[in-house]
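Peer 1: Sending over start.txt (compact mmCIF, C-alpha atoms).
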```
# COMPACT_ATOMS: atom_id res chain seq x y z
CA MET A 295 66.16 110.13 132.11
CA ASP A 296 67.89 109.38 135.41
CA PHE A 297 70.98 108.97 133.27
CA LEU A 298 70.94 112.66 132.34
CA LYS A 299 70.16 113.77 135.88
CA ALA A 300 73.19 111.91 137.18
CA GLY A 301 75.47 114.11 135.05
CA ASN A 302 76.97 111.39 132.82
CA TYR A 303 77.10 113.68 129.82
CA GLU A 304 80.57 112.45 128.87
CA SER A 305 79.20 109.01 128.01
CA LEU A 306 76.41 110.53 125.97
CA VAL A 307 78.81 112.80 124.06
CA PHE A 308 81.18 109.90 123.45
CA GLY A 309 78.32 107.76 122.14
CA VAL A 310 77.09 110.48 119.79
CA LEU A 311 80.62 111.11 118.47
CA PHE A 312 81.23 107.39 117.99
CA MET A 313 77.99 106.92 116.05
CA GLY A 314 78.79 110.02 113.98
CA ALA A 315 82.15 108.51 113.04
CA VAL A 316 80.51 105.22 112.06
CA PHE A 317 77.98 107.01 109.86
CA LEU A 318 80.73 109.12 108.26
CA ILE A 319 82.75 106.02 107.38
CA ALA A 320 79.64 104.36 105.92
CA TYR A 321 78.84 107.50 103.91
CA ILE A 322 82.36 107.71 102.45
CA ARG A 323 82.31 104.00 101.56
CA ASN A 324 78.96 104.51 99.84
CA LEU A 325 80.43 107.38 97.82
CA GLU A 326 83.29 105.13 96.69
CA ALA A 327 80.89 102.36 95.70
CA ARG A 328 78.72 104.83 93.76
CA ARG A 329 81.80 106.17 91.95
CA ILE A 330 82.72 102.63 90.91
CA ARG A 331 79.16 101.83 89.75
CA ASN A 332 79.14 105.02 87.67
CA LYS A 333 82.43 104.13 85.97
CA PHE A 334 81.78 100.42 85.38
CA ASN A 335 78.79 98.30 84.57
CA GLU A 336 78.09 96.14 87.63
CA LYS A 337 78.20 92.90 85.62
CA ASP A 338 81.70 93.78 84.32
CA ILE A 339 83.19 93.98 87.82
CA LEU A 340 84.90 90.71 88.71
CA LEU A 341 86.35 91.78 92.05
CA SER A 342 86.56 94.98 94.07
CA SER A 343 88.11 96.02 97.36
CA PHE A 344 87.86 99.14 99.48
CA GLY A 345 90.52 100.36 101.87
CA VAL A 346 93.35 99.48 99.48
CA GLN A 347 96.70 101.18 100.10
CA TYR A 348 98.32 102.29 96.85
CA TYR A 349 102.07 102.93 96.88
CA GLY A 350 102.44 104.26 93.34
CA VAL A 351 104.37 102.95 90.38
CA GLU A 352 108.12 102.50 90.38
CA SER A 353 108.64 104.70 87.32
CA GLU A 354 107.39 107.72 89.30
CA PRO A 355 110.22 109.50 91.10
CA GLY A 356 110.26 109.80 94.87
CA LYS A 357 109.37 107.60 97.78
CA PRO A 358 106.35 105.28 97.87
CA LEU A 359 102.99 107.03 98.02
CA LYS A 360 100.44 106.35 100.72
CA SER A 361 97.03 106.63 99.14
CA THR A 362 93.88 104.83 100.25
CA GLY A 363 91.07 104.00 97.85
CA ALA A 364 89.23 101.34 95.90
CA LEU A 365 90.62 98.72 93.53
CA VAL A 366 88.51 97.11 90.80
CA LEU A 367 89.24 94.11 88.59
CA THR A 368 87.39 93.83 85.27
CA GLN A 369 87.94 91.79 82.11
CA GLU A 370 89.74 94.83 80.67
CA GLY A 371 92.19 95.40 83.51
CA ILE A 372 92.75 96.84 86.97
CA PHE A 373 91.50 100.24 88.09
CA TYR A 374 92.47 102.10 91.27
CA ARG A 375 90.83 105.34 92.47
CA ALA A 376 91.91 107.23 95.59
CA LYS A 377 89.28 107.97 98.21
CA PHE A 378 90.02 111.68 98.60
CA LEU A 379 92.81 112.71 96.24
CA ASN A 380 92.40 112.97 92.50
CA ARG A 381 94.68 109.97 91.97
CA ALA A 382 93.84 107.05 89.70
CA LEU A 383 95.64 104.22 87.95
CA GLU A 384 94.43 102.03 85.14
CA ILE A 385 96.41 99.00 84.01
CA SER A 386 95.18 97.25 80.91
CA GLY A 387 94.94 93.49 81.34
CA ASP A 388 97.00 92.73 78.24
CA LYS A 389 99.87 94.80 79.71
CA ILE A 390 100.10 92.80 82.97
CA THR A 391 103.12 90.49 82.93
CA SER A 392 103.06 89.03 86.47
CA ILE A 393 101.91 89.53 90.03
CA THR A 394 104.14 88.99 93.04
CA ALA A 395 104.28 89.54 96.79
CA VAL A 396 107.20 91.74 97.82
CA ASN A 397 108.33 93.56 100.95
CA THR A 398 110.37 96.28 99.22
CA PHE A 399 109.04 98.90 96.84
CA LYS A 400 110.99 101.78 95.26
CA GLN A 401 114.04 100.52 97.20
CA LYS A 402 112.21 101.06 100.52
CA ASN A 403 111.39 98.37 103.05
CA MET A 404 107.61 98.21 103.39
CA TYR A 405 107.80 96.13 106.63
CA GLN A 406 105.05 93.89 105.28
CA LYS A 407 104.20 91.93 102.16
CA ILE A 408 102.50 93.97 99.47
CA VAL A 409 101.11 92.95 96.10
CA ALA A 410 103.20 94.11 93.16
CA VAL A 411 101.57 94.13 89.73
CA ASN A 412 104.24 94.02 87.04
CA PHE A 413 103.17 95.52 83.72
CA ILE A 414 104.31 97.29 80.56
CA ASN A 415 103.66 101.05 80.81
CA GLU A 416 102.66 103.51 78.05
CA LYS A 417 106.32 104.04 77.10
CA GLY A 418 106.79 100.30 76.56
CA ASP A 419 108.99 99.90 79.65
CA ARG A 420 108.60 97.40 82.46
CA ASP A 421 106.95 98.96 85.48
CA ARG A 422 105.46 97.86 88.79
CA ALA A 423 102.56 99.13 90.90
CA GLY A 424 102.38 98.35 94.62
CA PHE A 425 99.22 97.72 96.66
CA ARG A 426 98.29 96.50 100.11
CA ILE A 427 94.99 94.74 99.45
CA PRO A 428 92.63 93.00 101.84
CA TYR A 429 92.70 89.27 100.97
CA PRO A 430 95.71 89.47 98.62
CA GLU A 431 95.56 85.75 97.76
CA ARG A 432 92.10 86.20 96.23
CA TRP A 433 93.37 89.10 94.11
CA SER A 434 96.49 87.23 93.05
CA GLN A 435 94.46 84.20 91.97
CA ALA A 436 91.90 86.30 90.10
CA ILE A 437 94.50 88.35 88.22
CA THR A 438 96.44 85.22 87.34
CA LYS A 439 93.32 83.44 86.13
CA VAL A 440 91.93 86.35 84.10
CA PHE A 441 95.10 87.80 82.55
CA LEU A 442 98.08 85.48 82.92
CA LEU A 443 96.69 82.02 82.12
CA SER A 444 94.79 83.00 78.99
```
Is it possible to express this structure as structure tokens?
Peer 2:
Amino acid sequence: MDFLKAGNYESLVFGVLFMGAVFLIAYIRNLEARRIRNKFNEKDILLSSFGVQYYGVESEPGKPLKSTGALVLTQEGIFYRAKFLNRALEISGDKITSITAVNTFKQKNMYQKIVAVNFINEKGDRDRAGFRIPYPERWSQAITKVFLLS
């Protein structure tokens, strides 16, 4: 209690705010995981990642999006769901044609390598979705193994 008598309330407030932020991040991540478990059977999920940046699909007009959410790989395809916005993308596995690493998307320099999933959209046209995924090599290998080598 000498700590409080000395008047170091700033440190105490900072500590409480920091721990609050950590618990908020954990709570939001838990919500994302619960949303995924409700949509998919746990044994059907081959790979999942949180904190994925989604840049949209090239057939959508405008500049690249900046949406953060979760990405899931199943035997049926790839599913993305935004953390806060009501934005989702589902790509059927049989529609995926290739996966590449690119540094431009929608004619914009992304200033980093992103994963581009090339696929055939609902209209039958070639399209491409862009993602920045933690451990992109693991995702590239899994998508290639599950959908492109079979």
Peer 1: Counting all atoms listed in the file, which of A:Tyr321, A:Phe399, A:Phe312, A:Tyr374 gets nearest to Phe344 in chain A?
Peer 2: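 Smallest separation from Phe344 in chain A among the options: A:Tyr374.
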Peer 1: Tell me which of A:Lys357, A:Arg375, A:Lys400, A:Lys337 sits closest to Ala423 in chain A, counting all atoms listed in the file.
Peer 2: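 Between A:Lys357, A:Arg375, A:Lys400, A:Lys337, the residue approaching Ala423 in chain A most closely is A:Lys400.
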Peer 1: Name all residues at most 12 Å from range 434-437 of chain A (count only C-alpha atoms; drop same-chain ones fewer than 2 positions away) and give them as an mmCIF file with C-alpha atoms, keeping the file's coordinate frame.
Peer 2:
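And here's out38.cif as it stands now:
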```cif
data_model
loop_
_atom_site.group_PDB
_atom_site.id
_atom_site.type_symbol
_atom_site.label_atom_id
_atom_site.label_comp_id
_atom_site.auth_asym_id
_atom_site.auth_seq_id
_atom_site.Cartn_x
_atom_site.Cartn_y
_atom_site.Cartn_z
ATOM 1 C CA ILE A 339 83.190 93.980 87.820
ATOM 2 C CA LEU A 340 84.900 90.710 88.710
ATOM 3 C CA LEU A 341 86.350 91.780 92.050
ATOM 4 C CA SER A 342 86.560 94.980 94.070
ATOM 5 C CA VAL A 366 88.510 97.110 90.800
ATOM 6 C CA LEU A 367 89.240 94.110 88.590
ATOM 7 C CA THR A 368 87.390 93.830 85.270
ATOM 8 C CA GLN A 369 87.940 91.790 82.110
ATOM 9 C CA GLU A 370 89.740 94.830 80.670
ATOM 10 C CA GLY A 371 92.190 95.400 83.510
ATOM 11 C CA ILE A 372 92.750 96.840 86.970
ATOM 12 C CA ILE A 385 96.410 99.000 84.010
ATOM 13 C CA SER A 386 95.180 97.250 80.910
ATOM 14 C CA GLY A 387 94.940 93.490 81.340
ATOM 15 C CA ASP A 388 97.000 92.730 78.240
ATOM 16 C CA LYS A 389 99.870 94.800 79.710
ATOM 17 C CA ILE A 390 100.100 92.800 82.970
ATOM 18 C CA THR A 391 103.120 90.490 82.930
ATOM 19 C CA SER A 392 103.060 89.030 86.470
ATOM 20 C CA ILE A 393 101.910 89.530 90.030
ATOM 21 C CA THR A 394 104.140 88.990 93.040
ATOM 22 C CA ALA A 395 104.280 89.540 96.790
ATOM 23 C CA ILE A 408 102.500 93.970 99.470
ATOM 24 C CA VAL A 409 101.110 92.950 96.100
ATOM 25 C CA ALA A 410 103.200 94.110 93.160
ATOM 26 C CA VAL A 411 101.570 94.130 89.730
ATOM 27 C CA ASN A 412 104.240 94.020 87.040
ATOM 28 C CA PHE A 425 99.220 97.720 96.660
ATOM 29 C CA ARG A 426 98.290 96.500 100.110
ATOM 30 C CA ILE A 427 94.990 94.740 99.450
ATOM 31 C CA PRO A 428 92.630 93.000 101.840
ATOM 32 C CA TYR A 429 92.700 89.270 100.970
ATOM 33 C CA PRO A 430 95.710 89.470 98.620
ATOM 34 C CA GLU A 431 95.560 85.750 97.760
ATOM 35 C CA ARG A 432 92.100 86.200 96.230
ATOM 36 C CA LYS A 439 93.320 83.440 86.130
ATOM 37 C CA VAL A 440 91.930 86.350 84.100
ATOM 38 C CA PHE A 441 95.100 87.800 82.550
ATOM 39 C CA LEU A 442 98.080 85.480 82.920
ATOM 40 C CA LEU A 443 96.690 82.020 82.120
ATOM 41 C CA SER A 444 94.790 83.000 78.990
#
```
Peer 1: Please measure the separation of CA of Lys407 in chain A and CA of Ile330 in chain A, giving the value in Å to one decimal.
Peer 2: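 Atom-to-atom, CA of Lys407 in chain A to CA of Ile330 in chain A, that is 26.5 Å.
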Peer 1: As a list in words, please: the residues near Lys377 in chain A (cut-off 9 Å, only C-alpha atoms, same-chain neighbours under 2 positions excluded).
Peer 2: Ile322, Arg323, Leu325, Glu326, Gly345, Ser361, Thr362, Gly363, Ala364, Arg375, Leu379, Asn380 and Arg381 of chain A
Peer 1: Now that the selection is made, can you save its residues with C-alpha atoms as a compact mmCIF listing (two decimals), in the frame of the given file?
Peer 2:
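For reference, selection.txt as written:
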```
# COMPACT_ATOMS: atom_id res chain seq x y z
CA ILE A 322 82.36 107.71 102.45
CA ARG A 323 82.31 104.00 101.56
CA LEU A 325 80.43 107.38 97.82
CA GLU A 326 83.29 105.13 96.69
CA GLY A 345 90.52 100.36 101.87
CA SER A 361 97.03 106.63 99.14
CA THR A 362 93.88 104.83 100.25
CA GLY A 363 91.07 104.00 97.85
CA ALA A 364 89.23 101.34 95.90
CA ARG A 375 90.83 105.34 92.47
CA LEU A 379 92.81 112.71 96.24
CA ASN A 380 92.40 112.97 92.50
CA ARG A 381 94.68 109.97 91.97
```
Peer 1: Which distance in Å separates CA of Arg328 in chain A and CA of Phe373 in chain A, to one decimal?
Peer 2: 14.7 Å
Peer 1: When you count all atoms listed in the file, which of these residues is closest to Asn397 in chain A: A:Tyr349, A:Tyr303, A:Phe413, A:Trp433?
Peer 2: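 Answer, going by the shortest atom-to-atom distance: A:Tyr349.
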Peer 1: To one decimal place, how far is CA of Glu384 in chain A from CA of Lys333 in chain A in Å?
Peer 2: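 CA of Lys333 in chain A lies 12.2 Å from CA of Glu384 in chain A.
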Peer 1: Determine the nearest neighbour of Tyr348 in chain A from the options A:Leu383, A:Val310, A:Ala320, A:Ala315, counting only C-alpha atoms.
Peer 2: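 Ranking A:Leu383, A:Val310, A:Ala320, A:Ala315 by distance to Tyr348 in chain A, first place goes to A:Leu383.
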